[in-house]
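Trainee: Got a structure for you, written out below as C-alpha cells; questions coming shortly.
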Amino acid sequence: MLIKLTGGKVFDPAHKINGRKRDIFIRDGRIVKRPPGGEKPDQVYDVTGKVVMAGAMDLHSHIAGGKVNIARMLLPEEHRQYQAKRSRLKRSGSGEPTMTSFSTGYRYAEMGYTAAFEPALVPVNARQAHLEMSDVPIIDKGAYVMLGNDDFFLRMLSRKADQKAITDYVAWMMGATQALGVKVVNPGGISAFKFNDRMLDLDETDSHYGLTPRKVLKSLTRALTDLGVPHPLHVHGCNLGVPGNVETTLKTMAGAGGLPMHLTHIQFHTYGTEGDRGFSSGAARIAEAINKQKNITVDVGQIMFGQTVTASGDTMTQHSNVDLASPHKWVCMDIDCQAGCGVVPFRYRDRNFVNALQWAIGLEIFLLVNDPWRIFLTTDHPNGAPFTSYPHLIRLLMDRSFRNSMLDTVNKHAGDVSTLRSIKREYSLYDIAIMTRAAPARILGLKNRGHLGAGAAADITVYTPHANKERMFEKPDYVFKDGNLVARNGKVVNVTWGATHVVRPEYHSGIEKSLKSYFSDFQGMQMGNFVIRESDFPDDGRFRVETHKCGKGRRA
Amino acid sequence: MSGFAIILKDAPRQRVDLAPLTERICTAKKAAEIEKLPVFVGNRKCVLGDLFVVYGKPGERLVLDNICDKIDGIGSRWSEGMLEVYGDAGDRLGHGMTGGDIIVHGNVGNFAASGMRDGEILIEGNAGDFLGAPIPGERIGMNGGVVRVEGDAGARTGDRLRRGLILIEGDVGELCGSRMIAGSIAVMGDMGPRLGYAMRRGALFMMRPPTRFPETFNDSGTHTLPFHHLFLAHLKRQGGAFSVLNPSDNRLRKYVGDISVQGSGALLFHDS
C-alpha cells in the first residue's frame with residue numbers, strides 16, 4: 001500500500017532539510033522515493049502547512065525493570081490519583097511518574113514519540129524488564145545493560161585481568177541481556193556502598209576491590225570502543241547531586257581520553273559550591289567543556305516542579321537523600337551483587353532555592369551547548385519529571401519570553417544568581433528535530449530511524465505549527481509508526497507493537513567457561529537460565545528484535 | 001433538619017464504591033442529580049439511581065438505609081453534619097473524614113476511619129480489621145477525631161494511629177496499636193495477642209492486664225497519673241460504657257515500649 005503525505009514542511013536534519021515543502025511516500029512501513037510513473041497513492045494525507053518530522057526518540061527513560069516496579073509499589077496513592085480508563089482500543093492504566101507499561105506506550109505515542117530506551121537494565125532483572133517492555137505498545141524499545149558495579153567485572157578488574165577478557169565479558173553480557181548499549185552508574189560506587197563507603201570520587205579507591213571509578217570507566221569505554229558498539233558508554237557519573245560535583249564531571253570528561261562517552265542527566269552533575277548557600281550552577285563550565293570535546297555527548301535530565309519519584313541504580317547517592325523523601329518513604333537495596341537500586345519519592349518545589357536552581361541549571365546547559373547533535377532532551381523520566389512534561393520543556397527552550405516569565409515565578413534568589421535570564425538563545429524547530437530525532441538515532445546506531453530518507457522506517461510525526469510550542473508538541477495531528485497511523489490529534493487510534501533494538505557484538509566463547517563457574521558458585525541462577533533468548537518470549541509480535549550492526553571496532 | 005434518605009434497593013452482587021457521595025454533594029445537589037451520580041459496581045459503571053432510591057432535599061443530614069456490607073467508602077471525606085447508616089457498612093467507612101458525625105447502626109468492614117482527621121464516628125456493632133489504619137500507600141492512619149465501637153474490633157486496630165481517640169467497648173483482635181505513632185486507644189474487653197507491636201508513642205489503656213505482655217515492653221511500675229484524670233473526664237463526656245469510669249481512679253500500672261523502636265508508648269491498666 002502506498003501512502004502519501006502531501007504539502008508538509010519537512011524537518012529532517014539527517015538530510016539537512018530545514019522546513020522545505022516536500023511530499024513523503026510510505027510503502028510497507030518504509031519511507032520510499034517518489035514512485036516513478038505517477039503511481040496513484042492508496043491513501044493521501046493533506047498536511048499542507050503542517051510540520052513533518054520523524055518520530056521522536058527518548059534515549060533515557062526509566063520505563064521498565066526492577067526499580068520502576070519498586071517505585072510503583074512504593075506509591076500506590078499515585079495510582080489511585082491518576083487513572084486511565086480502558087477503552088475499545090486501549091487497556092486501562094494508572095500513575096504518572098510511575099506509569100504502568102501500557103499507558104507508557106500510549107502516552108509516548110500520543111506525544112509523537114516512537115521510541116524510548118530503558119537506561120538501567122540490571123542483568124539479573126533483564127528478563128523481567130524485557131517482558132515488561134513487551135507490554136509497552138506502539139513505540140520501539142531498547143535497553144542499556146548496567147555494568148561496572150557487578151562483582152564479576154570488579155573481580156576481573158581488580159586482579160588485573162586482560163582487557164580482552166573484560167571486553168568479551170561486556171559483549172557476552174550485552175548479548176545475554178538483549179541490550180543496545182552499556183550504562184555505568186556511579187562506577188564502582190554502588191558496590192563500594194555495600195562495603196560501607198558513603199562517597200567515592202573519581203580517583204578515590206574503594207575499600208573492597210581497591211579500584212577507582214576512573215579505572216572502571218576506562219575499562220568499559222575501552223571495551224565498547226574495541227567492540228564497535230555504536231552507542232558510547234552511557235555514564236551516570238560519581239557524586240550525583242552533590243554540590244561541587246562539577247569538578248568530578250569535568251575530570252570524567254577529560255578522563256575519556258578522546259574516546260566517545262555519553263554523560264547522562266548531566267544537570268545532576270553540574271553543581272558548584274559558590275554563593276552564600278554553597279550551591280551554584282556549573283553550567284557554563286560544563287557547556288564549555290562539551291563544546292570543546294567533540295567525543296562527549298550528554299542528555300540533560302531536566303527537572304520540572306511537582307511530585308515525582310527518583311528511581312536510580314545509584315544506591316549510594318539515593319541513600320544520602322532519603323531524608324529529603326517526600327512523601328517520606330524510600331527503598332534502597334542491593335540486587336544480586338550486580339548493581340543496586342534506590343527509590344526516593346521527591347517533590348521539586350519552585351519556591352525552594354535548590355530546586356529552582358536545578359531547574360535553571362538544566363535549561364542553562366540546554367542553551368549553552370552549541371551543538372544540538374550532542375545534547376539530548378530528557379527529564380530522566382521519572383527522576384527529573386515524568387516524560388509527559390516534554391512539550392512544556394520544548395516550549396521553555398523555544399520561547400525566551402515564556403522562559404523568563406517562568407523564571408519570575410521561581411525562588412527569587414535562584415532567579416537572581418542564575419544566568420538564564422541573560423541567555424538569548426531560542427531553539428528552532430530544526431534544532432528540536434535534531435535533538436529529539438536525528439541525533440539520538442545516530443548516537444544509538446539506529447540507521448533506519450530518526451530520519452525521513454528513503455529506506456527509513458516510516459515513524460513520522462505531523463504537527464500543526466502554533467505560537468505556543470507546548471500546545472504544538474503535546475498533540476500532534478498524525479503519528480505514524482512503521483507506516484501505520486497510530487495517533488491522531490493526540491489520541492491513539494491504532495495499537496501496534498514496536499521493535500526491541502539490540503546490538504550483538506562478537507566475543508570469544510572462552511569467557512563462558514569462567515562465567516559458568518561464577519554463576520554456579522555465586523549467583524541465584526545458573527548461566528543457562530540467565531541468558532535471554534528470543535525463543536523464550538511468546539510468539540505474539542510483542543518482543544520483535546531488530547539487530548543493529550556494530551562498527552568495525554578497534555579489536556577487529 | 002432537612003436532608004436525604006438514600007435507600008438501597010437490593011443487595012448488589014459485587015462491591016459498590018460509594019466514595020463519590022460526599023457531604024458536599026448532599027448539601028448542594030437535588031435528588032434527581034444525586035441519582036445520576038456515577039458509581040462503580042465491581043468493574044461496571046452505573047449511576048447511583050440504579051442501586052438506590054433517593055428521597056428528600058439538600059441538607060446536612062444524610063440517612064443511608066438498608067445498607068449491606070458490600071457498600072464501601074461510605075462517608076468518604078465527610079466534613080459536616082450527620083450521616084446515619086442503617087445496616088452493615090462495607091470497607092473504608094469515613095475515609096479521610098474531616099468533621100461531622102457518622103453513626104452506624106450495625107457492623108462495619110475493614111479500614112474504617114482510615115485517614116480520619118476530625119469528627120466523630122459511632123459504630124454500634126463490630127468493626128473489622130484495620131480500624132483507623134492507613135490504606136496501602138498512605139503513611140498515617142487516623143489523624144484526629146474520635147471513634148467509638150460498641151462491639152468488638154478486629155486485628156490491627158489503630159495501626160499507625162497518629163492522633164485522636166479510639167474507644168472499643170468490646171474485645172480487640174491481635175496487634176492492637178501496631179506501629180502506633182501517637183494518639184490513644186482504650187479497650188474495655190480482652191486484648192488480642194501482640195499488642196503494641198512496634199508502637200512508638202501514644203497510649204493503650206486497658207481495663208485489665210493482657211494475658212501475656214509483649215517481650216519488648218518494660219514494666220515501669222505503678223503511678224498516679226494526673227493526665228489520666230483528665231482523660232477519664234474526657235471519656236465521661238463521650239458517653240458509652242467508658243463514661244461510668246470514675247476519673248479519680250487514676251492509679252495505673254504502666255508498661256513502656258515498644259523498645260524495638262522508639263519505645264515511648266505506654267500500656268496502661270488498673271493494677272488490682
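Following the order of the C-alpha cells, first chain is A, next is B, and so on, with residues numbered from 1 inside each chain and ligands from 1 in the order they appear.
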Produce a table with one row for each residue of chain A that has an atom at most 8 Å from any atom of chain B, each row naming the nearest atom pair and its distance in Å at one decimal; use only C-alpha atoms; arrange rows by chain and rising residue number; format as JSON lines.

Mentor:
```
{"residue": "A:Leu74", "atom": "CA", "partner": "B:Gly137", "partner_atom": "CA", "distance": 6.7}
{"residue": "A:Leu75", "atom": "CA", "partner": "B:Gly137", "partner_atom": "CA", "distance": 5.8}
{"residue": "A:Pro76", "atom": "CA", "partner": "B:Gly137", "partner_atom": "CA", "distance": 5.0}
{"residue": "A:Glu77", "atom": "CA", "partner": "B:Gly137", "partner_atom": "CA", "distance": 5.5}
```

Trainee: Just write the chosen residues, C-alpha atoms, as a compact mmCIF listing (two decimals), in the first residue's frame.

Mentor:
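Saved file part.txt follows:
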```
# COMPACT_ATOMS: atom_id res chain seq x y z
CA LEU A 74 6.02 2.30 46.92
CA LEU A 75 3.48 4.82 45.62
CA PRO A 76 0.05 3.18 45.40
CA GLU A 77 -1.51 6.58 46.13
```

Trainee: Fewer than 3 positions away in the same chain doesn't count, so skip those; otherwise give me all residues within 10 Å of Met304 in chain A, counting only C-alpha atoms, as a PyMOL selection string.

Mentor: chain A and resi 301+307-308+347-350+355-356+358-360+362+379+383-386+389-390+392-393

Trainee: Could you pull out the residues in range 71-267 of chain B that DSSP calls helix (DSSP H, G or I) from the backbone, as a VMD selection string?

Mentor: chain B and resid 226 to 238 241 to 244

Trainee: Any chance you can output those residues with N, CA and C atoms as a PDB file, in the first residue's frame?

Mentor:
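Everything below was put into selection31.pdb:
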```
ATOM      1  N   PRO B 226      -1.895  12.304  86.784  1.00  0.00           N
ATOM      2  CA  PRO B 226      -2.874  13.406  86.683  1.00  0.00           C
ATOM      3  C   PRO B 226      -3.515  13.453  85.303  1.00  0.00           C
ATOM      4  N   PHE B 227      -2.709  13.068  84.307  1.00  0.00           N
ATOM      5  CA  PHE B 227      -3.253  13.089  82.943  1.00  0.00           C
ATOM      6  C   PHE B 227      -4.455  12.169  82.844  1.00  0.00           C
ATOM      7  N   HIS B 228      -4.368  11.012  83.517  1.00  0.00           N
ATOM      8  CA  HIS B 228      -5.436  10.037  83.380  1.00  0.00           C
ATOM      9  C   HIS B 228      -6.749  10.548  83.943  1.00  0.00           C
ATOM     10  N   HIS B 229      -6.656  11.391  84.940  1.00  0.00           N
ATOM     11  CA  HIS B 229      -7.858  12.024  85.488  1.00  0.00           C
ATOM     12  C   HIS B 229      -8.566  12.824  84.384  1.00  0.00           C
ATOM     13  N   LEU B 230      -7.774  13.600  83.680  1.00  0.00           N
ATOM     14  CA  LEU B 230      -8.350  14.412  82.593  1.00  0.00           C
ATOM     15  C   LEU B 230      -8.887  13.507  81.480  1.00  0.00           C
ATOM     16  N   PHE B 231      -8.143  12.448  81.226  1.00  0.00           N
ATOM     17  CA  PHE B 231      -8.528  11.527  80.160  1.00  0.00           C
ATOM     18  C   PHE B 231      -9.885  10.893  80.462  1.00  0.00           C
ATOM     19  N   LEU B 232     -10.036  10.419  81.705  1.00  0.00           N
ATOM     20  CA  LEU B 232     -11.305   9.777  82.072  1.00  0.00           C
ATOM     21  C   LEU B 232     -12.450  10.786  82.100  1.00  0.00           C
ATOM     22  N   ALA B 233     -12.136  12.011  82.508  1.00  0.00           N
ATOM     23  CA  ALA B 233     -13.165  13.049  82.489  1.00  0.00           C
ATOM     24  C   ALA B 233     -13.621  13.312  81.061  1.00  0.00           C
ATOM     25  N   HIS B 234     -12.666  13.235  80.169  1.00  0.00           N
ATOM     26  CA  HIS B 234     -12.985  13.412  78.754  1.00  0.00           C
ATOM     27  C   HIS B 234     -13.865  12.259  78.264  1.00  0.00           C
ATOM     28  N   LEU B 235     -13.534  11.054  78.690  1.00  0.00           N
ATOM     29  CA  LEU B 235     -14.322   9.892  78.268  1.00  0.00           C
ATOM     30  C   LEU B 235     -15.757   9.986  78.801  1.00  0.00           C
ATOM     31  N   LYS B 236     -15.897  10.566  79.943  1.00  0.00           N
ATOM     32  CA  LYS B 236     -17.221  10.717  80.544  1.00  0.00           C
ATOM     33  C   LYS B 236     -18.136  11.506  79.610  1.00  0.00           C
ATOM     34  N   ARG B 237     -17.549  12.522  79.013  1.00  0.00           N
ATOM     35  CA  ARG B 237     -18.344  13.355  78.104  1.00  0.00           C
ATOM     36  C   ARG B 237     -18.653  12.629  76.790  1.00  0.00           C
ATOM     37  N   GLN B 238     -17.848  11.606  76.475  1.00  0.00           N
ATOM     38  CA  GLN B 238     -18.068  10.885  75.214  1.00  0.00           C
ATOM     39  C   GLN B 238     -19.288   9.987  75.271  1.00  0.00           C
ATOM     40  N   ALA B 241     -19.938   3.141  77.381  1.00  0.00           N
ATOM     41  CA  ALA B 241     -19.528   2.347  78.526  1.00  0.00           C
ATOM     42  C   ALA B 241     -18.400   3.000  79.323  1.00  0.00           C
ATOM     43  N   PHE B 242     -17.524   3.769  78.657  1.00  0.00           N
ATOM     44  CA  PHE B 242     -16.403   4.380  79.357  1.00  0.00           C
ATOM     45  C   PHE B 242     -16.831   5.503  80.290  1.00  0.00           C
ATOM     46  N   SER B 243     -18.043   6.031  80.098  1.00  0.00           N
ATOM     47  CA  SER B 243     -18.447   7.192  80.869  1.00  0.00           C
ATOM     48  C   SER B 243     -18.751   6.831  82.327  1.00  0.00           C
ATOM     49  N   VAL B 244     -18.867   5.522  82.641  1.00  0.00           N
ATOM     50  CA  VAL B 244     -19.141   5.155  84.026  1.00  0.00           C
ATOM     51  C   VAL B 244     -17.860   5.113  84.866  1.00  0.00           C
TER      52      VAL B 244
END
```

Trainee: Would you pick out the contacts of His223 in chain B at 9 Å or less, using only C-alpha atoms, so that residues sharing its chain but fewer than 2 positions from it are not included, and give the list as a list in words?

Mentor: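 Once the nearby chain positions are removed, what remains is Ser220, Gly221, Leu225, Asn250, Arg251, Leu252, Arg253 and Lys254 of chain B.
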
Trainee: Write the selection just made, keeping N, CA, C and O atoms, as a PDB file, in the first residue's frame?

Mentor:
```
ATOM      1  N   SER B 220       7.208  -0.450  84.167  1.00  0.00           N
ATOM      2  CA  SER B 220       7.793   0.732  84.810  1.00  0.00           C
ATOM      3  C   SER B 220       6.978   1.150  86.037  1.00  0.00           C
ATOM      4  O   SER B 220       6.920   2.325  86.380  1.00  0.00           O
ATOM      5  N   GLY B 221       6.328   0.208  86.642  1.00  0.00           N
ATOM      6  CA  GLY B 221       5.751   0.454  87.964  1.00  0.00           C
ATOM      7  C   GLY B 221       4.363   1.052  87.961  1.00  0.00           C
ATOM      8  O   GLY B 221       3.729   1.195  86.916  1.00  0.00           O
ATOM      9  N   LEU B 225      -1.424   9.112  87.807  1.00  0.00           N
ATOM     10  CA  LEU B 225      -1.234   9.950  86.620  1.00  0.00           C
ATOM     11  C   LEU B 225      -2.295  11.049  86.564  1.00  0.00           C
ATOM     12  O   LEU B 225      -3.465  10.769  86.308  1.00  0.00           O
ATOM     13  N   ASN B 250      -7.237   7.032  89.183  1.00  0.00           N
ATOM     14  CA  ASN B 250      -6.180   7.261  88.191  1.00  0.00           C
ATOM     15  C   ASN B 250      -4.835   6.682  88.615  1.00  0.00           C
ATOM     16  O   ASN B 250      -3.791   7.189  88.247  1.00  0.00           O
ATOM     17  N   ARG B 251      -4.860   5.639  89.469  1.00  0.00           N
ATOM     18  CA  ARG B 251      -3.605   4.967  89.809  1.00  0.00           C
ATOM     19  C   ARG B 251      -3.444   3.769  88.875  1.00  0.00           C
ATOM     20  O   ARG B 251      -4.290   2.868  88.841  1.00  0.00           O
ATOM     21  N   LEU B 252      -2.369   3.789  88.099  1.00  0.00           N
ATOM     22  CA  LEU B 252      -2.252   2.830  86.997  1.00  0.00           C
ATOM     23  C   LEU B 252      -0.890   2.163  86.943  1.00  0.00           C
ATOM     24  O   LEU B 252       0.128   2.767  87.299  1.00  0.00           O
ATOM     25  N   ARG B 253      -0.884   0.945  86.484  1.00  0.00           N
ATOM     26  CA  ARG B 253       0.367   0.249  86.174  1.00  0.00           C
ATOM     27  C   ARG B 253       0.754   0.610  84.739  1.00  0.00           C
ATOM     28  O   ARG B 253      -0.115   0.696  83.860  1.00  0.00           O
ATOM     29  N   LYS B 254       2.039   0.790  84.554  1.00  0.00           N
ATOM     30  CA  LYS B 254       2.480   1.280  83.234  1.00  0.00           C
ATOM     31  C   LYS B 254       3.573   0.376  82.677  1.00  0.00           C
ATOM     32  O   LYS B 254       4.547   0.058  83.372  1.00  0.00           O
TER      33      LYS B 254
END
```

Trainee: Neighbours of range 325-341 of chain A within 10 Å (only C-alpha atoms; same-chain residues fewer than 2 positions away dropped), as a PyMOL selection string?

Mentor: (chain A and resi 66-68+70-71+74-75+120-125+146-154+184-185+188-191+193-194+307-316+318-319+321-323+343-348+522-524) or (chain B and resi 137-139)

Trainee: Please return, as an NGL selection string, all residues of range 167-233 of chain B that DSSP assigns to strand (DSSP E) on the basis of the backbone.

Mentor: :B and (167-168 or 184-187 or 203-206 or 218-224)

Trainee: Just the number, please: distance in Å from CA of Gln178 in chain A to CA of Val502 in chain A, one decimal.

Mentor: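 Here the two named atoms are 5.9 Å from each other.
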
Trainee: Please determine, counting only C-alpha atoms, which residue among A:Arg471, A:His269, A:Arg72, A:His231 has the shortest atom-to-atom distance to Gly445 in chain A.

Mentor: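 Result for the nearest residue to Gly445 in chain A: A:His231.
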
Trainee: Neighbouring residues of Gly141 in chain B were defined as those with any atom within 12 Å, considering only C-alpha atoms; residues of the same chain fewer than 3 positions away were excluded. Please report them as a PyMOL selection string.

Mentor: chain B and resi 92+95-97+111-117+130-138+144-145+156-166+177-183

Trainee: Contacts of Glu60 in chain B at 7 Å or less, counting only C-alpha atoms, minus same-chain residues fewer than 4 places along, as a count of residues only?

Mentor: 5

Trainee: Which residues come within 8 Å of His262 in chain A, counting only C-alpha atoms, excluding same-chain residues fewer than 4 positions away, as an NGL selection string?

Mentor: :A and (232-235 or 296-299)
